[in-house]
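input00.pdb (PDB, C-alpha atoms) appears below.
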```
ATOM      1  CA  MET A   1     -11.387  -1.255   6.895  1.00  0.00           C
ATOM      2  CA  LYS A   2      -8.179   0.081   5.388  1.00  0.00           C
ATOM      3  CA  LYS A   3      -7.910   3.647   4.188  1.00  0.00           C
ATOM      4  CA  GLN A   4      -8.197   4.101   0.417  1.00  0.00           C
ATOM      5  CA  ASN A   5      -4.506   4.975  -0.005  1.00  0.00           C
ATOM      6  CA  GLU A   6      -3.149   1.995   1.942  1.00  0.00           C
ATOM      7  CA  SER A   7      -1.939  -1.033   0.000  1.00  0.00           C
ATOM      8  CA  LYS A   8      -3.463  -4.484   0.383  1.00  0.00           C
ATOM      9  CA  THR A   9      -2.070  -7.979   0.013  1.00  0.00           C
ATOM     10  CA  VAL A  10      -3.392 -10.524  -2.452  1.00  0.00           C
ATOM     11  CA  SER A  11      -4.949 -12.607   0.327  1.00  0.00           C
ATOM     12  CA  GLU A  12      -6.861  -9.631   1.779  1.00  0.00           C
ATOM     13  CA  SER A  13      -9.127  -9.447  -1.258  1.00  0.00           C
ATOM     14  CA  ALA A  14      -9.145 -13.069  -2.479  1.00  0.00           C
ATOM     15  CA  VAL A  15     -12.508 -14.822  -2.834  1.00  0.00           C
ATOM     16  CA  GLU A  16     -13.512 -18.470  -2.746  1.00  0.00           C
ATOM     17  CA  MET A  17     -17.008 -19.558  -3.782  1.00  0.00           C
ATOM     18  CA  ARG A  18     -18.702 -22.938  -4.014  1.00  0.00           C
ATOM     19  CA  TYR A  19     -21.659 -24.105  -6.066  1.00  0.00           C
ATOM     20  CA  LEU A  20     -23.562 -27.336  -6.617  1.00  0.00           C
ATOM     21  CA  VAL A  21     -24.345 -27.941 -10.301  1.00  0.00           C
ATOM     22  CA  MET A  22     -28.086 -28.404 -10.621  1.00  0.00           C
ATOM     23  CA  PRO A  23     -30.208 -29.464 -13.633  1.00  0.00           C
ATOM     24  CA  ASN A  24     -31.098 -25.821 -14.450  1.00  0.00           C
ATOM     25  CA  HIS A  25     -27.351 -25.111 -14.952  1.00  0.00           C
ATOM     26  CA  THR A  26     -26.887 -27.850 -17.544  1.00  0.00           C
ATOM     27  CA  ASN A  27     -27.442 -28.670 -21.206  1.00  0.00           C
ATOM     28  CA  PRO A  28     -28.880 -31.937 -22.656  1.00  0.00           C
ATOM     29  CA  GLN A  29     -25.473 -33.626 -22.134  1.00  0.00           C
ATOM     30  CA  ASN A  30     -25.774 -32.956 -18.375  1.00  0.00           C
ATOM     31  CA  THR A  31     -22.752 -30.664 -18.462  1.00  0.00           C
ATOM     32  CA  ILE A  32     -22.852 -27.068 -17.341  1.00  0.00           C
ATOM     33  CA  PHE A  33     -23.502 -24.266 -19.814  1.00  0.00           C
ATOM     34  CA  GLY A  34     -20.352 -22.220 -20.433  1.00  0.00           C
ATOM     35  CA  GLY A  35     -22.342 -19.039 -19.811  1.00  0.00           C
ATOM     36  CA  VAL A  36     -23.198 -20.196 -16.283  1.00  0.00           C
ATOM     37  CA  VAL A  37     -19.523 -20.759 -15.521  1.00  0.00           C
ATOM     38  CA  MET A  38     -18.688 -17.382 -17.053  1.00  0.00           C
ATOM     39  CA  SER A  39     -21.251 -15.606 -14.875  1.00  0.00           C
ATOM     40  CA  TRP A  40     -19.889 -17.303 -11.737  1.00  0.00           C
ATOM     41  CA  ILE A  41     -16.350 -16.293 -12.763  1.00  0.00           C
ATOM     42  CA  ASP A  42     -17.399 -12.676 -13.355  1.00  0.00           C
ATOM     43  CA  MET A  43     -19.178 -12.535 -10.000  1.00  0.00           C
ATOM     44  CA  ALA A  44     -16.198 -13.913  -8.062  1.00  0.00           C
ATOM     45  CA  ALA A  45     -13.739 -11.651  -9.890  1.00  0.00           C
ATOM     46  CA  ALA A  46     -15.900  -8.558  -9.329  1.00  0.00           C
ATOM     47  CA  MET A  47     -16.029  -9.312  -5.607  1.00  0.00           C
ATOM     48  CA  VAL A  48     -12.217  -9.479  -5.522  1.00  0.00           C
ATOM     49  CA  ALA A  49     -11.938  -6.108  -7.272  1.00  0.00           C
ATOM     50  CA  GLU A  50     -14.530  -4.551  -4.950  1.00  0.00           C
ATOM     51  CA  ARG A  51     -12.824  -5.948  -1.853  1.00  0.00           C
ATOM     52  CA  HIS A  52      -9.493  -4.536  -2.999  1.00  0.00           C
ATOM     53  CA  SER A  53     -10.745  -1.107  -4.057  1.00  0.00           C
ATOM     54  CA  ASN A  54     -13.654  -0.693  -1.624  1.00  0.00           C
ATOM     55  CA  ARG A  55     -15.448   0.833  -4.619  1.00  0.00           C
ATOM     56  CA  PRO A  56     -18.009  -0.237  -7.207  1.00  0.00           C
ATOM     57  CA  VAL A  57     -16.320  -1.840 -10.211  1.00  0.00           C
ATOM     58  CA  VAL A  58     -17.122  -2.709 -13.804  1.00  0.00           C
ATOM     59  CA  THR A  59     -15.749  -5.504 -15.943  1.00  0.00           C
ATOM     60  CA  VAL A  60     -13.817  -3.908 -18.799  1.00  0.00           C
ATOM     61  CA  HIS A  61     -12.221  -6.942 -20.393  1.00  0.00           C
ATOM     62  CA  VAL A  62     -12.395 -10.717 -20.221  1.00  0.00           C
ATOM     63  CA  ASP A  63      -9.066 -12.052 -21.330  1.00  0.00           C
ATOM     64  CA  ASP A  64      -8.359 -15.654 -22.169  1.00  0.00           C
ATOM     65  CA  ILE A  65     -11.075 -17.829 -20.707  1.00  0.00           C
ATOM     66  CA  SER A  66     -10.158 -21.473 -21.209  1.00  0.00           C
ATOM     67  CA  PHE A  67     -12.532 -24.396 -20.716  1.00  0.00           C
ATOM     68  CA  LYS A  68     -10.294 -27.397 -19.999  1.00  0.00           C
ATOM     69  CA  ALA A  69     -12.764 -30.077 -18.862  1.00  0.00           C
ATOM     70  CA  PRO A  70     -16.537 -30.502 -18.562  1.00  0.00           C
ATOM     71  CA  ILE A  71     -18.409 -29.838 -15.346  1.00  0.00           C
ATOM     72  CA  ARG A  72     -21.218 -32.330 -14.797  1.00  0.00           C
ATOM     73  CA  ILE A  73     -24.562 -32.208 -13.067  1.00  0.00           C
ATOM     74  CA  GLY A  74     -24.058 -32.957  -9.359  1.00  0.00           C
ATOM     75  CA  ASP A  75     -20.433 -31.764  -9.306  1.00  0.00           C
ATOM     76  CA  HIS A  76     -19.316 -29.408  -6.570  1.00  0.00           C
ATOM     77  CA  VAL A  77     -17.618 -26.374  -8.109  1.00  0.00           C
ATOM     78  CA  LEU A  78     -14.917 -24.382  -6.334  1.00  0.00           C
ATOM     79  CA  ILE A  79     -14.066 -20.968  -7.753  1.00  0.00           C
ATOM     80  CA  THR A  80     -10.981 -19.201  -6.442  1.00  0.00           C
ATOM     81  CA  ALA A  81     -10.238 -15.653  -7.532  1.00  0.00           C
ATOM     82  CA  SER A  82      -7.448 -13.275  -6.592  1.00  0.00           C
ATOM     83  CA  LEU A  83      -5.738 -10.165  -7.833  1.00  0.00           C
ATOM     84  CA  ASN A  84      -2.804 -10.659 -10.149  1.00  0.00           C
ATOM     85  CA  TYR A  85      -2.029  -7.023 -10.914  1.00  0.00           C
ATOM     86  CA  VAL A  86      -3.186  -3.503 -10.036  1.00  0.00           C
ATOM     87  CA  GLY A  87      -2.567  -0.424 -12.193  1.00  0.00           C
ATOM     88  CA  LYS A  88      -3.804   3.106 -11.572  1.00  0.00           C
ATOM     89  CA  SER A  89      -7.538   2.354 -11.740  1.00  0.00           C
ATOM     90  CA  SER A  90      -7.518  -1.115 -13.295  1.00  0.00           C
ATOM     91  CA  MET A  91      -7.244  -4.484 -11.618  1.00  0.00           C
ATOM     92  CA  LEU A  92      -6.518  -7.851 -13.222  1.00  0.00           C
ATOM     93  CA  VAL A  93      -8.146 -10.808 -11.480  1.00  0.00           C
ATOM     94  CA  GLY A  94      -7.162 -14.418 -12.107  1.00  0.00           C
ATOM     95  CA  VAL A  95      -9.843 -17.061 -11.624  1.00  0.00           C
ATOM     96  CA  LYS A  96      -9.505 -20.832 -11.351  1.00  0.00           C
ATOM     97  CA  VAL A  97     -12.472 -23.210 -11.457  1.00  0.00           C
ATOM     98  CA  VAL A  98     -12.229 -26.740 -10.065  1.00  0.00           C
ATOM     99  CA  ALA A  99     -15.013 -29.342 -10.232  1.00  0.00           C
ATOM    100  CA  GLU A 100     -15.181 -32.161  -7.721  1.00  0.00           C
ATOM    101  CA  ASN A 101     -17.193 -35.342  -7.906  1.00  0.00           C
ATOM    102  CA  PRO A 102     -18.630 -35.561  -4.361  1.00  0.00           C
ATOM    103  CA  PHE A 103     -18.871 -39.362  -4.486  1.00  0.00           C
ATOM    104  CA  THR A 104     -15.350 -40.162  -5.668  1.00  0.00           C
ATOM    105  CA  GLY A 105     -13.566 -37.081  -4.332  1.00  0.00           C
ATOM    106  CA  ILE A 106     -11.818 -36.642  -7.693  1.00  0.00           C
ATOM    107  CA  SER A 107     -11.160 -32.980  -8.545  1.00  0.00           C
ATOM    108  CA  ARG A 108     -10.507 -31.516 -11.992  1.00  0.00           C
ATOM    109  CA  HIS A 109      -9.219 -28.084 -12.975  1.00  0.00           C
ATOM    110  CA  THR A 110     -11.915 -27.133 -15.481  1.00  0.00           C
ATOM    111  CA  THR A 111     -11.618 -23.447 -16.308  1.00  0.00           C
ATOM    112  CA  THR A 112      -9.185 -20.539 -16.088  1.00  0.00           C
ATOM    113  CA  ALA A 113      -9.915 -16.888 -16.821  1.00  0.00           C
ATOM    114  CA  TYR A 114      -8.454 -13.420 -16.449  1.00  0.00           C
ATOM    115  CA  LEU A 115     -10.704 -10.392 -16.087  1.00  0.00           C
ATOM    116  CA  ALA A 116      -9.872  -6.695 -15.946  1.00  0.00           C
ATOM    117  CA  PHE A 117     -11.926  -4.328 -13.810  1.00  0.00           C
ATOM    118  CA  VAL A 118     -11.977  -0.596 -13.246  1.00  0.00           C
ATOM    119  CA  ALA A 119     -13.011   0.969  -9.941  1.00  0.00           C
ATOM    120  CA  LEU A 120     -15.514   3.834 -10.172  1.00  0.00           C
ATOM    121  CA  ASP A 121     -15.957   7.067  -8.247  1.00  0.00           C
ATOM    122  CA  ASP A 122     -19.333   8.347  -7.065  1.00  0.00           C
ATOM    123  CA  ILE A 123     -20.316   9.591 -10.540  1.00  0.00           C
ATOM    124  CA  GLY A 124     -19.128   6.529 -12.473  1.00  0.00           C
ATOM    125  CA  ARG A 125     -15.669   7.642 -13.603  1.00  0.00           C
ATOM    126  CA  PRO A 126     -12.505   5.554 -13.151  1.00  0.00           C
ATOM    127  CA  ILE A 127     -10.790   6.219  -9.835  1.00  0.00           C
ATOM    128  CA  GLN A 128      -7.306   5.402  -8.614  1.00  0.00           C
ATOM    129  CA  VAL A 129      -7.095   2.290  -6.433  1.00  0.00           C
ATOM    130  CA  ARG A 130      -4.657   1.233  -3.751  1.00  0.00           C
ATOM    131  CA  GLN A 131      -1.578  -0.720  -4.715  1.00  0.00           C
ATOM    132  CA  LEU A 132      -1.232  -4.480  -4.429  1.00  0.00           C
ATOM    133  CA  VAL A 133       1.412  -6.119  -2.258  1.00  0.00           C
ATOM    134  CA  ALA A 134       2.656  -9.368  -3.794  1.00  0.00           C
ATOM    135  CA  GLU A 135       4.264 -11.348  -0.969  1.00  0.00           C
ATOM    136  CA  SER A 136       5.113 -14.843  -2.217  1.00  0.00           C
ATOM    137  CA  GLN A 137       7.242 -15.758  -5.225  1.00  0.00           C
ATOM    138  CA  GLU A 138       4.069 -17.070  -6.918  1.00  0.00           C
ATOM    139  CA  GLU A 139       2.261 -13.763  -6.327  1.00  0.00           C
ATOM    140  CA  LYS A 140       5.263 -11.809  -7.653  1.00  0.00           C
ATOM    141  CA  ARG A 141       5.347 -13.997 -10.778  1.00  0.00           C
ATOM    142  CA  ARG A 142       1.604 -13.515 -11.328  1.00  0.00           C
ATOM    143  CA  TYR A 143       2.021  -9.750 -10.799  1.00  0.00           C
ATOM    144  CA  ALA A 144       4.701  -9.536 -13.507  1.00  0.00           C
ATOM    145  CA  GLU A 145       2.634 -11.681 -15.885  1.00  0.00           C
ATOM    146  CA  GLY A 146      -0.474  -9.617 -15.089  1.00  0.00           C
ATOM    147  CA  LYS A 147       1.340  -6.377 -15.872  1.00  0.00           C
ATOM    148  CA  ALA A 148       2.405  -7.803 -19.245  1.00  0.00           C
ATOM    149  CA  ARG A 149      -1.167  -9.014 -19.899  1.00  0.00           C
ATOM    150  CA  ILE A 150      -2.605  -5.540 -19.167  1.00  0.00           C
ATOM    151  CA  GLU A 151      -0.048  -3.925 -21.500  1.00  0.00           C
ATOM    152  CA  GLU A 152      -1.055  -6.406 -24.219  1.00  0.00           C
ATOM    153  CA  MET A 153      -4.728  -5.521 -23.686  1.00  0.00           C
ATOM    154  CA  LYS A 154      -3.929  -1.812 -24.060  1.00  0.00           C
ATOM    155  CA  ILE A 155      -2.094  -2.438 -27.339  1.00  0.00           C
ATOM    156  CA  LYS A 156      -4.946  -4.603 -28.701  1.00  0.00           C
ATOM    157  CA  ASN A 157      -7.525  -2.000 -27.697  1.00  0.00           C
ATOM    158  CA  ALA A 158      -5.514   0.820 -29.312  1.00  0.00           C
ATOM    159  CA  LYS A 159      -5.329  -1.169 -32.556  1.00  0.00           C
ATOM    160  CA  LYS A 160      -9.057  -1.900 -32.387  1.00  0.00           C
ATOM    161  CA  ILE A 161      -9.869   1.795 -31.954  1.00  0.00           C
ATOM    162  CA  ILE A 162      -7.787   2.660 -35.018  1.00  0.00           C
ATOM    163  CA  VAL A 163      -9.583  -0.030 -37.076  1.00  0.00           C
ATOM    164  CA  ASP A 164     -13.016   1.074 -35.784  1.00  0.00           C
ATOM    165  CA  GLU A 165     -12.298   4.683 -36.736  1.00  0.00           C
ATOM    166  CA  ARG A 166     -11.520   3.643 -40.316  1.00  0.00           C
ATOM    167  CA  ILE A 167     -14.871   1.876 -40.757  1.00  0.00           C
TER     168      ILE A 167
END
```

In structure tokens, write the structure found in this file.
Amino acid sequence: MKKQNESKTVSESAVEMRYLVMPNHTNPQNTIFGGVVMSWIDMAAAMVAERHSNRPVVTVHVDDISFKAPIRIGDHVLITASLNYVGKSSMLVGVKVVAENPFTGISRHTTTAYLAFVALDDIGRPIQVRQLVAESQEEKRRYAEGKARIEEMKIKNAKKIIVDERI
């Protein structure tokens, strides 16, 4: 295991999970409930953040979850999650969900989401995490976009606090 102050690459904390969509995951149209997909996304993203920080983490923001296509009963679901950006204590994880029909082999990109996490110290306060090493051009692009996304979140949250204080 790396020391807390050493950096890590994107691939060192990436997670890939697979599920089979069963009847208990679906609605009367035999498509998966959005909440089930969201819970799988949150679980995969949290594992990425924990693997990177080697600390407990909490979800602090779900940013831009997009449902692009239905996931049907019997589909195989592949969830890939990796770090896009790391700040002082926050981490932005990008998640992609792909559904595959096991009989035809046809795959569909069904969902995309971005989640922000904060690593916690032993008494539950935010703690600084190691830096992220973006190696490929794709990872560098996602890092720059992730940094901009985090800055946007901070601005939105600051505005929300001002509005909440006026109420």

**OP:** Name the residues captured by the PyMOL selection byres ((chain A and resi 99-114) around 9) when it is applied to the shown file; answer as an MDAnalysis selection string.
**Re:** chainID A and resid 37:38 41 45 61:72 74:79 84 92:98 115:116 146

**OP:** For atom CA of Arg51 of chain A and atom CA of Arg125 of chain A, quote the distance in Å rounded to one decimal.
**Re:** 18.2 Å

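Among the candidate residues A:Ala119, A:Ile127, A:Val15, A:Leu20, the one lying nearest to Met43 of chain A is A:Val15, with distances computed using all atoms listed in the file.
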
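Applied to the file shown here, the PyMOL selection byres ((chain A and resi 120) around 12) selects Ala49, Glu50, Ser53, Asn54, Arg55, Pro56, Val57, Val58, Thr59, Val60, Lys88, Ser89, Ser90, Met91, Phe117, Val118, Ala119, Asp121, Asp122, Ile123, Gly124, Arg125, Pro126, Ile127, Gln128 and Val129 of chain A.
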
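Taking atom CA of Ala14 of chain A as the reference point, atom CA of Val133 of chain A is found at 12.6 Å.
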
Applying the PyMOL selection byres ((chain A and resi 134) around 9) to the file I just gave you, which residues come out? Please list them as a compact mmCIF listing (two decimals) with C-alpha atoms, keeping the file's coordinate frame.
```txt
# COMPACT_ATOMS: atom_id res chain seq x y z
CA LYS A 8 -3.46 -4.48 0.38
CA THR A 9 -2.07 -7.98 0.01
CA VAL A 10 -3.39 -10.52 -2.45
CA ASN A 84 -2.80 -10.66 -10.15
CA TYR A 85 -2.03 -7.02 -10.91
CA LEU A 132 -1.23 -4.48 -4.43
CA VAL A 133 1.41 -6.12 -2.26
CA GLU A 135 4.26 -11.35 -0.97
CA SER A 136 5.11 -14.84 -2.22
CA GLN A 137 7.24 -15.76 -5.22
CA GLU A 138 4.07 -17.07 -6.92
CA GLU A 139 2.26 -13.76 -6.33
CA LYS A 140 5.26 -11.81 -7.65
CA ARG A 141 5.35 -14.00 -10.78
CA ARG A 142 1.60 -13.52 -11.33
CA TYR A 143 2.02 -9.75 -10.80
```

Subject >> Shortest interatomic distance to Phe33 of chain A - which of A:Ile73, A:Ala46, A:Ser7, A:Glu12, counting all atoms listed in the file >> reply: A:Ile73

Edge lengths and centre in Å to one decimal, as AutoDock Vina command-line options, of the axis-aligned box that encloses all listed atoms of segment 111-114 of chain A with 3 Å added on every side?
```
--center_x -10.0 --center_y -18.4 --center_z -16.5 --size_x 9.2 --size_y 16.0 --size_z 6.7
```

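The residue that comes closest to Asn24 of chain A, out of A:Glu151, A:Ala44, A:His52, A:Val36 and on the basis of only C-alpha atoms, is A:Val36.
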
Original post:
Between atom CA of Arg18 of chain A and atom CA of Ile150 of chain A, what is the spacing in Å?
Top reply: 28.1 Å

**OP:** May I ask which of the residues A:Ile32, A:Ala144, A:Met22, A:Ile155 is the closest one to Gly87 of chain A, counting all atoms listed in the file?
**Re:** A:Ala144
